[in-house]
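Peer 1: Just dropping this structure here.
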Amino acid sequence: MALSGMRGLSVFISDIRNCQNKEQERLRVDKELGNIRTRFKNEKALTPYEKKKYVWKMLYIYMLGYDVDFGHMEAVSLISAPKYPEKQVGYIVTSSLLNENHDFLRLAINTVRNDIIGRNETFQCLALTMVGNIGGREFAESLAPDVQKLLISSSCRPLVRKKAALCLLRLYRKNPDVVNVDGWADRMAQLLDERDLGVLTSSMSLLVALVSNNHEAYWSCLPKCVKILERLARNQDIPQEYTYYGIPSPWLQVKTMRALQYFPTVEDPNTRRSLFEVLQRILMGTDVVKNVNKNNASHAVLFEALALVMHLDAEKEMMTQCVSLLGKFISVREPNIRYLGLENMTRMLMVTDVQDIIKKHQAQIITSLKDPDISIRRRALDLLYGMCDISNAKDIVEELLQYLKTAEFAMREELSLKAAILAEKFAPDLSWYVDVILQLIDKAGDFVSDDIWFRVVQFVTNNEDLQPYAAAKAREYLDKPAIHETMVKVSAYILGEFGHLIARRPGCSPKELFNLIHEKLPTVSTYTVSILLSTYAKILMHSHPPDPELQNQIWSIFKKYESSIEVEIQQRAVEYYALSRKGEALMDILAEMPKFPERQSALIKKAEDTEVDTAEQSAIKLRAQQQAQTSNALVVQDQRPANGAPPLSVGQLNLVKMPSMSSNVDDYPADPRLSQENGALATVNSQPPPADILSDLLGPLAIEGPPSSSVHPQPSPTSELEGTAVESTAIVPAGVQANSVQPIGNISERFQALCVKDSGVLYEDPYIQIGVKAEWRAHHGHMVLFLGNKNTAPLVSVQAIMLPPTHLKMELSLVPETIPPRAQVQCPLEVINLRPSRDVSVLDFSYKFGNDMVNVKLRLPAVLNKFLQPISISAEEFFPQWRSLPGPPLKLQEVVRGVRPLPLIEMANLFNSFHVTVCPGLDPNPNNLVASTTFYSESTRAMLCLIRIETDPADRTQLRMTVASGDPTVTFELKEFIKEQLIIIPTATRVLTQPPPPTPPVVQPTSAPAAPTDPGALLAALL
Amino acid sequence: MIRAVLVMNTQGRPRITKFYEFWPVEKQHEAIRNVFSVLCSRAEHVSNFVDAESIFGPDSRLVYKHFATLYFVLIFDSSENELAMLDLIQVFVETLDKCFRNVCELDIVFNYSKIHAILDEIIFGGQVLETSSTEVMKAVEEITKLEAASNAINLVSKSVSNWRSR
């Protein structure tokens, strides 16, 4: 009846069709659902026919997009109905409404199994279809043998067997063990002798799934596949009903060739010869004809043959033939073939060395960029991007820029990103690169991400020859009437920095530049205003002799913005105003930006990442991987098209001249040990520096950003005052960059977090995760390091060396040299605190993965506050103690400045997190804090410590701190410890856009009592 | 593997939908809407391919065919050949045509359950099951006969029970 129509269902569908709007439809659906719900409640009264009708209605409602969250049980129960129509609807609806994890499905397993092993073929078909659609792991475990039997049974009809083949494929996906049966591979090979095309097609799909995971077991199938191809393509030995528009079952041909692509090679010369004959026949014998369907079918086979030829790496002759065929395809009228022609050319770039032949078709490919079909334009863009190299970059990028004007919005972002990347990678000269990016911003400013303009600034800053050119170009664009805000940003920045280089040209005097830029100010966002303010300050500095009128004009602008509600703008205005009144001294402060450290382009990195993400899991990729294993083909390794271009890193170095570091060479650590920052990885590896995760302009801007501001093109007074400190932090990324293995997450943040809690992750990179769990009791500590290998390969040469400071006695149990794949090793570590000290122990950890030797120095969170225990004391106990400790060295007092402003309550929380108990109410002054704690070490035993903090409500950045205890060293160390905590900006509260907080070197007291010869202390001090 | 079969009319109303991977119903509908908005903006005589990764995630392809008031859409991954998928749509439509003699949207609307049966004979769990429309027709006719046979019995029993209750 399902097929011959149900009146109730038809009436319902008509009703839905007659609904005027979505609202009416919803009402009608709700009414029906309510009706069905009440009917189902009284299930006994329902005839099977009615039940069936309602279940179909539910499926219809589900298709309309309404959730049907009841009646599932009714649908499943129909499966066990004895008669065909109910059973049928039960199976069909169950497989449409339920997913494989649904509980009700379990209830049905037995019924399903009975149908499969039963004698009724139609029931078998229904059950197989349902399992094939939604069968899960449990079905795989209980049904696989029965399904296999059906598939190889000679007494079964093909109708059942072809379903069994695909059902088995589903079960195999859910549990690959179902084919781990003795002799299964032989049976699979026998299945390929099948004469029935339906069964053969299904079996071939099964084979494709099997060989894609493990071709080794199925070598015996390979010659049979070739036989099938011969039978179809050469002999056309096939029943009439399987000929589709004159083509012998294109699906079977395609599947067979797919299966062959999962075998790495065809070794047997006879098989190989036969296969190539067939392939040759397909390649040569296919023409574009009038009938669209025939065309599609014949080209389905043809494109699969092309893929197989690419895979088998045939004699050069056949490859050339393929490319010329593709060249023909990309200019035919039939859009589908044009599309696939472009797509396959792009794929071809990936595996073989045929760029030169493909380049001959460049003109045609560029024409495809103007195709009326966006799908085709996209493929053309991909291909142009892939085939671009130094020789054709200019042509291609200029075409992309042309196209940008007319491209639809959906494509502009991708287009501008690709143009920017190509311009950067293959620029024949740098001025051309600058031209391209400025044009990009001009034509598609909305689609140009910050990364792109940051990068051009970086290039210009690092290349002196380029600076006057860039400045002149920026000046030109400013003349245009309506320019994009990004253009304002980049021109203002460049003119601020380098405008003075072109000051003698007409129209480029400081005053003229200023006027041009200032015109834009009313229309830009606050972020850009802050850039403009910096530019004004720079222009002012560069005007020689000073122009009083310009000076007044700029000063009045600064004055005006001094009251801006935007903190960033206000701060800049105030600071620049104050600075610019210093006259000559300004020169030193607002000097040109230093050069950016070398780094990989964020753009290229981004593009590579997405390419890897979206790289198809196709036979071709598989092949690429196979190739990478056997040869060192550079191009295949990173799965990007070969461009015949110099390797990436070399290209980069060509583009950006090595920054001459003469000016700030002193900032570089002279001692090689210094460059081994905490957590900075010292990698023994000769490979070129890989991608820096945090790379690029967000990094370089840190150089510019004063600690107080977000993105800031010039050193602000504060950063300048601390001169070296800021500069040296800017150098850090350069050091980090030289490593091939990048840590995941911020090592320093992880350490900070572990200082206030007892378990967590200490370090993580792509290969390993090091976790810590600790227990502290008085001056004893018990730590466990968890070394977890994240990979499927072992980590070898694992070494962990403790570098404890003198005050800690540490014993690390043996660390195994190898960590097995996916295993976690626990290494207990005993700690005894001998004396009070703030020095930090360091774990020198190294391991080897493949060719990467990774070495990290990690601070361990065995820090002073771990040996503190909170203690709360009353006024009666506190004051006598406090008074009994008269003064230095047992009681030390210090006025601390530069404290980060914290509300008192937060400061109290901070203290509590370090086990220093704040005792409220002891101090009558509400602006003061009194706290106490007990410090434990072997030499001092338990030592009561008392702390008093006096804050100044008028100035939260300073406070007076008094620390007292019965031991001078404890007093000193605790005082310094608290001071560090108050001054250092904790990482957790840092705003994302801010540069990493400079670990202020000034905080480190020179009077630290640690022996200078102690290696651990030395390292810790460097951290 | 084929991920989904969608048949919708040129107003975006779904006519047959079948997902071979689990998709929550609201996601299904969001996807159908997105597919429709892409398809309805495409001109005639362009290619039958549309970028589908923004709708169906990475490694997904989409081919479609436009017949009169209906779009037939297949979504699948890179393990399938695009043109072969296009051919499969043609097989589906030709089979419908044989079943209904010049199939039109109304046939599909009112023979909702039959269309499901046909589709199940062509695509099985996301794999191509049968490509010969002759074979598909045979299988469907068998089912129809079976149903007709049991219907006859059904009707009798129903009328008997009605008669009894009177």
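Each chain in the structure tokens gets a letter, A, B and so on, in the order shown; residues start at 1 in every chain, and ligands are counted from 1 in the order they appear.
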Counting only C-alpha atoms, which residues from chain B have an atom at most 7 Å from any atom of chain A, and could you show them as number ranges by chain?

Peer 2: B: 14, 17, 20, 22, 25-26, 29, 46-51, 58-59, 78-79, 81, 83-84, 87, 110-111, 113-114, 124-125, 129-130, 132, 134, 144, 147-148, 151

Peer 1: Skip B:Val73 itself and residues of its chain fewer than 3 positions away, then list as a list in words all residues within 8 Å of it, counting only C-alpha atoms.

Peer 2: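 Counting only C-alpha atoms, the residues come to Val5, Leu6, Val7, Leu62, Val63, Tyr64, Lys65 and Ile89 of chain B.
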
Peer 1: Write out the residues from the selection above, keeping N, CA and C atoms, as a PDB file, in the first residue's frame.

Peer 2:
```pdb
ATOM      1  N   VAL B   5      21.013  12.925  -0.323  1.00  0.00           N
ATOM      2  CA  VAL B   5      20.262  13.145  -1.552  1.00  0.00           C
ATOM      3  C   VAL B   5      19.191  14.166  -1.214  1.00  0.00           C
ATOM      4  N   LEU B   6      19.113  15.217  -1.987  1.00  0.00           N
ATOM      5  CA  LEU B   6      18.077  16.216  -1.748  1.00  0.00           C
ATOM      6  C   LEU B   6      17.321  16.431  -3.041  1.00  0.00           C
ATOM      7  N   VAL B   7      15.999  16.424  -2.927  1.00  0.00           N
ATOM      8  CA  VAL B   7      15.188  16.854  -4.056  1.00  0.00           C
ATOM      9  C   VAL B   7      14.352  18.008  -3.540  1.00  0.00           C
ATOM     10  N   LEU B  62      29.298  18.747  -4.301  1.00  0.00           N
ATOM     11  CA  LEU B  62      27.879  18.799  -4.592  1.00  0.00           C
ATOM     12  C   LEU B  62      27.693  18.848  -6.102  1.00  0.00           C
ATOM     13  N   VAL B  63      26.853  17.959  -6.611  1.00  0.00           N
ATOM     14  CA  VAL B  63      26.419  18.108  -7.998  1.00  0.00           C
ATOM     15  C   VAL B  63      24.901  18.191  -7.988  1.00  0.00           C
ATOM     16  N   TYR B  64      24.365  18.867  -8.996  1.00  0.00           N
ATOM     17  CA  TYR B  64      22.919  18.992  -9.033  1.00  0.00           C
ATOM     18  C   TYR B  64      22.463  18.956 -10.479  1.00  0.00           C
ATOM     19  N   LYS B  65      21.198  18.643 -10.651  1.00  0.00           N
ATOM     20  CA  LYS B  65      20.591  18.766 -11.973  1.00  0.00           C
ATOM     21  C   LYS B  65      19.254  19.440 -11.808  1.00  0.00           C
ATOM     22  N   ILE B  89      22.227  10.766 -10.797  1.00  0.00           N
ATOM     23  CA  ILE B  89      21.004  11.575 -10.736  1.00  0.00           C
ATOM     24  C   ILE B  89      20.146  11.268 -11.960  1.00  0.00           C
TER      25      ILE B  89
END
```

Peer 1: List the spatial neighbours of B:Arg3 as an mmCIF file with C-alpha atoms, in the first residue's frame - criterion: any atom at most 8 Å away, only C-alpha atoms, same-chain residues fewer than 5 positions off excluded.

Peer 2:
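For reference, result_5.cif as written:
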```cif
data_model
loop_
_atom_site.group_PDB
_atom_site.id
_atom_site.type_symbol
_atom_site.label_atom_id
_atom_site.label_comp_id
_atom_site.auth_asym_id
_atom_site.auth_seq_id
_atom_site.Cartn_x
_atom_site.Cartn_y
_atom_site.Cartn_z
ATOM 1 C CA PHE B 19 20.896 11.869 4.742
ATOM 2 C CA TYR B 20 23.252 8.920 4.922
ATOM 3 C CA GLU B 21 25.104 10.363 7.877
ATOM 4 C CA LEU B 74 23.752 14.826 -4.439
ATOM 5 C CA ILE B 75 26.314 15.566 -1.738
ATOM 6 C CA PHE B 76 29.288 13.227 -1.492
ATOM 7 C CA ASP B 77 32.959 13.095 -0.588
ATOM 8 C CA GLY B 126 25.616 6.082 0.816
#
```

Peer 1: Here is a test: counting only C-alpha atoms, which residue of A:Pro889, A:Gly850, A:Gly771, A:Gly921 is nearest to A:Arg750?

Peer 2: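 Of A:Pro889, A:Gly850, A:Gly771, A:Gly921, the one nearest A:Arg750, counting only C-alpha atoms, is A:Gly771.
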
Peer 1: Please provide as a list in words all residues within 12 Å of A:Arg26, with the sequence filter that same-chain residues fewer than 2 positions apart are discarded (counting only C-alpha atoms).

Peer 2: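 Once the nearby chain positions are removed, what remains is Asp15, Ile16, Arg17, Cys19, Gln20, Asn21, Lys22, Glu23, Gln24, Arg28, Val29, Asp30, Lys31, Glu32, Leu33, Ile61, Leu64, Gly65, Tyr66 and Asp67 of chain A.
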
Peer 1: Excluding B:Met8 and any residue of its chain fewer than 2 positions from it, enumerate the residues within 6 Å of it, using only C-alpha atoms, and give them as a VMD selection string.

Peer 2: chain B and resid 12 to 15 70 to 71

Peer 1: Can you pull out every residue from stretch 454-502 of chain A that DSSP, working from the backbone, puts in alpha helix (DSSP H), and format the result as a PyMOL selection string?

Peer 2: chain A and resi 454-462+466-478+485-498

Peer 1: Those same residues - N, CA and C atoms - I'd like them written as a compact mmCIF listing (two decimals), in the first residue's frame.

Peer 2:
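Wrote it out as selection_17.txt, contents follow:
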```
# COMPACT_ATOMS: atom_id res chain seq x y z
N PHE A 454 50.11 44.72 7.60
CA PHE A 454 51.23 44.58 8.53
C PHE A 454 52.47 44.10 7.77
N ARG A 455 52.21 43.15 6.88
CA ARG A 455 53.34 42.53 6.19
C ARG A 455 54.06 43.55 5.29
N VAL A 456 53.30 44.38 4.63
CA VAL A 456 53.97 45.33 3.74
C VAL A 456 54.78 46.33 4.56
N VAL A 457 54.25 46.72 5.71
CA VAL A 457 54.99 47.62 6.59
C VAL A 457 56.30 46.96 7.01
N GLN A 458 56.20 45.69 7.30
CA GLN A 458 57.38 44.95 7.71
C GLN A 458 58.46 44.95 6.63
N PHE A 459 58.03 44.70 5.40
CA PHE A 459 58.99 44.70 4.29
C PHE A 459 59.65 46.07 4.13
N VAL A 460 58.80 47.09 4.16
CA VAL A 460 59.34 48.43 3.92
C VAL A 460 60.32 48.80 5.02
N THR A 461 59.97 48.49 6.26
CA THR A 461 60.85 48.83 7.37
C THR A 461 62.20 48.12 7.23
N ASN A 462 62.15 46.89 6.76
CA ASN A 462 63.39 46.11 6.71
C ASN A 462 64.23 46.38 5.46
N LEU A 466 63.71 50.50 -0.26
CA LEU A 466 62.31 50.52 -0.62
C LEU A 466 61.59 51.72 0.00
N GLN A 467 62.18 52.29 1.03
CA GLN A 467 61.44 53.25 1.83
C GLN A 467 60.99 54.51 1.09
N PRO A 468 61.90 55.16 0.33
CA PRO A 468 61.44 56.36 -0.38
C PRO A 468 60.36 56.02 -1.39
N TYR A 469 60.51 54.86 -2.05
CA TYR A 469 59.53 54.46 -3.06
C TYR A 469 58.16 54.28 -2.42
N ALA A 470 58.16 53.55 -1.30
CA ALA A 470 56.89 53.28 -0.62
C ALA A 470 56.26 54.58 -0.14
N ALA A 471 57.11 55.48 0.37
CA ALA A 471 56.57 56.74 0.85
C ALA A 471 55.92 57.52 -0.29
N ALA A 472 56.60 57.55 -1.44
CA ALA A 472 56.05 58.30 -2.58
C ALA A 472 54.74 57.68 -3.04
N LYS A 473 54.69 56.35 -3.04
CA LYS A 473 53.47 55.65 -3.45
C LYS A 473 52.32 55.96 -2.50
N ALA A 474 52.64 55.89 -1.22
CA ALA A 474 51.61 56.16 -0.21
C ALA A 474 51.07 57.57 -0.39
N ARG A 475 52.00 58.48 -0.69
CA ARG A 475 51.64 59.89 -0.91
C ARG A 475 50.66 60.00 -2.09
N GLU A 476 50.93 59.24 -3.16
CA GLU A 476 50.07 59.26 -4.35
C GLU A 476 48.64 58.83 -4.00
N TYR A 477 48.56 57.75 -3.24
CA TYR A 477 47.22 57.24 -2.93
C TYR A 477 46.43 58.22 -2.08
N LEU A 478 47.14 58.98 -1.25
CA LEU A 478 46.42 59.92 -0.39
C LEU A 478 45.73 61.00 -1.20
N GLU A 485 39.88 52.96 4.55
CA GLU A 485 40.54 53.25 5.83
C GLU A 485 41.85 52.50 5.99
N THR A 486 41.90 51.27 5.50
CA THR A 486 43.17 50.53 5.58
C THR A 486 44.27 51.29 4.84
N MET A 487 43.88 51.94 3.74
CA MET A 487 44.86 52.72 3.01
C MET A 487 45.33 53.91 3.86
N VAL A 488 44.41 54.50 4.59
CA VAL A 488 44.80 55.60 5.47
C VAL A 488 45.81 55.09 6.50
N LYS A 489 45.53 53.92 7.06
CA LYS A 489 46.43 53.38 8.08
C LYS A 489 47.83 53.16 7.50
N VAL A 490 47.87 52.47 6.39
CA VAL A 490 49.19 52.09 5.88
C VAL A 490 49.93 53.32 5.37
N SER A 491 49.24 54.24 4.71
CA SER A 491 49.94 55.43 4.20
C SER A 491 50.41 56.29 5.36
N ALA A 492 49.55 56.45 6.36
CA ALA A 492 49.95 57.28 7.49
C ALA A 492 51.16 56.68 8.17
N TYR A 493 51.12 55.38 8.32
CA TYR A 493 52.25 54.75 8.99
C TYR A 493 53.54 54.94 8.20
N ILE A 494 53.45 54.65 6.91
CA ILE A 494 54.66 54.75 6.09
C ILE A 494 55.15 56.19 6.00
N LEU A 495 54.22 57.12 5.84
CA LEU A 495 54.65 58.51 5.72
C LEU A 495 55.21 59.02 7.04
N GLY A 496 54.66 58.56 8.14
CA GLY A 496 55.20 58.95 9.44
C GLY A 496 56.63 58.49 9.58
N GLU A 497 56.86 57.26 9.19
CA GLU A 497 58.20 56.70 9.35
C GLU A 497 59.17 57.24 8.30
N PHE A 498 58.72 57.27 7.07
CA PHE A 498 59.66 57.52 5.98
C PHE A 498 59.33 58.75 5.15
```
